[in-house]
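First the structure, in the form of structure tokens, and then the observations on it.
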Amino acid sequence: MIAQFLLMAVLPGLLAAAAGWDLASFTIPNFLSLALAGAFALFALSLGLSLGSIGLHLLTGCVGLALGFTLFALGYIGGGDAKLYAAVGLWLGPQDMLPYTFAAAILGGVLTLSLLALRQLPLPAGLARQDWILNLHNPKSGIPYGVALATAVVLVLPQAEILRLAAIG
């Protein structure tokens, strides 16, 4: 019961918070990635996952962190995005990380192209009063990839191994 709650309520809630924060401020606070990692630890303990299985999830998170920080160093994503990607890797493990990465890349591309197109259009007066929308509309602003990273989990989770584990546990 605890595992299902963590998977079906806490994980999506933290991801929604990360996406919203990134959309509004182009930042993802560290406490959200840490909360995702802590929630995974509770999830693994509540299911009684083997040390080998936990190790594979940790390894996936570490590989995700290395890949994320490589992309950050190259200027493609922000540091918060890199940490969020690693935290999601911890949850998904090696079985589902590749489909997740593919979904996140596609969604990130769609988000980028959409924002670039929308930034060419004038903002309606009602929207121009919102600071976060002005910032999002600014051509010099980045892309809130946390939105794509969080949304990709929603696409992958129904087929993910952890969903099967939570149903069994």
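Numbering starts fresh at 1 for the residues of each chain in the structure tokens, the chains themselves are lettered A, B, ... in the order given, and ligands are numbered from 1 as they appear.
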Taking the chain letters and numbering used in this document, name the residues of chain A that DSSP puts in alpha helix (DSSP H), as a PyMOL selection string. chain A and resi 2-5+11-25+30-47+51-73+79-118+131-137+145-156+161-168
Residues within 8 Å of Val156 (chain A), only C-alpha atoms, excluding chain neighbours under 3 positions, as a compact mmCIF listing (two decimals) with N, CA and C atoms, in the first residue's frame:
```
# COMPACT_ATOMS: atom_id res chain seq x y z
N ASP A 96 13.68 0.71 -18.06
CA ASP A 96 12.81 1.72 -18.65
C ASP A 96 13.49 3.05 -18.94
N PRO A 99 13.49 3.99 -23.02
CA PRO A 99 12.22 4.54 -23.52
C PRO A 99 11.90 5.91 -22.91
N TYR A 100 12.24 6.08 -21.63
CA TYR A 100 12.02 7.37 -20.98
C TYR A 100 12.86 8.46 -21.65
N ALA A 103 11.37 9.36 -24.98
CA ALA A 103 10.15 10.16 -24.82
C ALA A 103 10.49 11.59 -24.38
N ALA A 152 7.36 13.00 -19.67
CA ALA A 152 7.82 11.71 -20.22
C ALA A 152 7.60 10.57 -19.23
N VAL A 153 7.70 10.85 -17.94
CA VAL A 153 7.45 9.80 -16.94
C VAL A 153 6.00 9.33 -17.05
N GLN A 159 3.83 1.36 -18.60
CA GLN A 159 4.49 0.13 -19.04
C GLN A 159 5.76 -0.17 -18.23
N ALA A 160 6.04 0.62 -17.21
CA ALA A 160 7.31 0.50 -16.48
C ALA A 160 7.34 -0.70 -15.54
```
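Among the candidates A:Leu111, A:Ala41, A:Leu36, A:Leu92, the one nearest to His57 (chain A) when counting only C-alpha atoms is A:Leu92.
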Using only C-alpha atoms, determine which residues lie at most 12 Å from Ala16 (chain A), disregarding the query and same-chain residues fewer than 2 positions distant; provide the list as a PyMOL selection string. chain A and resi 9-14+18-23+28+32+36+84+146-154
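Minimum atom-to-atom distance to Pro144 (chain A), evaluated using only C-alpha atoms, belongs to A:Phe26 out of A:Phe26, A:Ala44, A:Pro158, A:Gly79.
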Nearest candidate to Asp81 (chain A) (options A:Leu163, A:Leu155, A:Phe31, A:Leu65; using only C-alpha atoms): A:Leu65
List the spatial neighbours of Pro124 (chain A) as a PyMOL selection string - criterion: any atom at most 12 Å away, only C-alpha atoms, same-chain residues fewer than 4 positions off excluded. chain A and resi 118-119+128-130+133-134+137
Resulting file, chosen residues, N, CA and C atoms, as a CSV table (one decimal), in the first residue's frame:
```csv
chain,number,residue,atom,x,y,z
A,118,LEU,N,6.1,30.3,-30.6
A,118,LEU,CA,5.2,31.2,-29.8
A,118,LEU,C,5.9,32.5,-29.5
A,119,ARG,N,7.2,32.4,-29.3
A,119,ARG,CA,8.0,33.7,-29.0
A,119,ARG,C,8.1,34.6,-30.1
A,128,ALA,N,0.5,39.5,-20.9
A,128,ALA,CA,1.7,40.3,-20.7
A,128,ALA,C,1.8,40.9,-19.3
A,129,ARG,N,0.8,40.7,-18.5
A,129,ARG,CA,0.8,41.2,-17.1
A,129,ARG,C,1.5,40.2,-16.2
A,130,GLN,N,1.7,39.0,-16.6
A,130,GLN,CA,2.2,37.9,-15.8
A,130,GLN,C,3.8,37.9,-16.0
A,133,ILE,N,5.1,34.6,-17.5
A,133,ILE,CA,4.8,34.4,-18.9
A,133,ILE,C,5.7,35.3,-19.7
A,134,LEU,N,5.9,36.5,-19.3
A,134,LEU,CA,6.9,37.4,-20.0
A,134,LEU,C,8.2,36.8,-20.1
A,137,HIS,N,8.2,33.9,-22.5
A,137,HIS,CA,8.0,34.5,-23.9
A,137,HIS,C,9.3,35.1,-24.4
```
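Nearest to Leu58 (chain A) of all the residues A:Ala167, A:Leu157, A:Leu45, A:Ala87 is A:Ala87, counting only C-alpha atoms.
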When distances are computed from only C-alpha atoms, which of A:Ile143, A:Leu113, A:Leu71, A:Leu98 shows the smallest separation from Ser25 (chain A)? A:Ile143
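Atom pair CA of Gly38 (chain A) / CA of Phe102 (chain A) has a distance of 25.3 Å (rounded to one decimal).
Shortest atom-to-atom contact with Leu121 (chain A) among A:Leu59, A:Leu49, A:Asn138, A:Leu15: A:Asn138, counting only C-alpha atoms.
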Residue neighbourhood region 60-62 of chain A, 7 Å, only C-alpha atoms, exclusion window fewer than 5 positions, as an mmCIF file with N, CA, C and O atoms, in the first residue's frame:
```cif
data_model
loop_
_atom_site.group_PDB
_atom_site.id
_atom_site.type_symbol
_atom_site.label_atom_id
_atom_site.label_comp_id
_atom_site.auth_asym_id
_atom_site.auth_seq_id
_atom_site.Cartn_x
_atom_site.Cartn_y
_atom_site.Cartn_z
ATOM 1 N N ALA A 86 18.381 12.376 -13.369
ATOM 2 C CA ALA A 86 19.009 11.325 -12.553
ATOM 3 C C ALA A 86 18.030 10.747 -11.540
ATOM 4 O O ALA A 86 17.982 9.529 -11.334
ATOM 5 N N ALA A 87 17.234 11.593 -10.919
ATOM 6 C CA ALA A 87 16.256 11.121 -9.928
ATOM 7 C C ALA A 87 15.209 10.227 -10.591
ATOM 8 O O ALA A 87 14.800 9.215 -10.021
ATOM 9 N N GLY A 89 15.783 8.450 -13.244
ATOM 10 C CA GLY A 89 16.520 7.223 -13.538
ATOM 11 C C GLY A 89 16.556 6.288 -12.347
ATOM 12 O O GLY A 89 16.468 5.067 -12.497
ATOM 13 N N LEU A 90 16.676 6.851 -11.170
ATOM 14 C CA LEU A 90 16.644 6.058 -9.947
ATOM 15 C C LEU A 90 15.327 5.297 -9.844
ATOM 16 O O LEU A 90 15.294 4.112 -9.516
ATOM 17 N N GLY A 93 14.972 2.739 -13.282
ATOM 18 C CA GLY A 93 15.920 1.644 -13.415
ATOM 19 C C GLY A 93 16.310 1.408 -14.865
ATOM 20 O O GLY A 93 15.839 2.086 -15.778
ATOM 21 N N PRO A 94 17.183 0.418 -15.067
ATOM 22 C CA PRO A 94 17.733 0.209 -16.415
ATOM 23 C C PRO A 94 16.708 -0.269 -17.440
ATOM 24 O O PRO A 94 16.862 0.014 -18.631
#
```
Atom pair CA of Thr70 (chain A) / CA of Ser53 (chain A): separation (Å): 25.8 Å
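Around Phe72 (chain A), within 12 Å and counting only C-alpha atoms, the residues found are Gly64, Leu65, Ala66, Gly78, Gly79, Gly80, Asp81, Ala82, Lys83, Tyr85 and Tyr145 of chain A, once anything fewer than 6 positions away on its own chain is removed.
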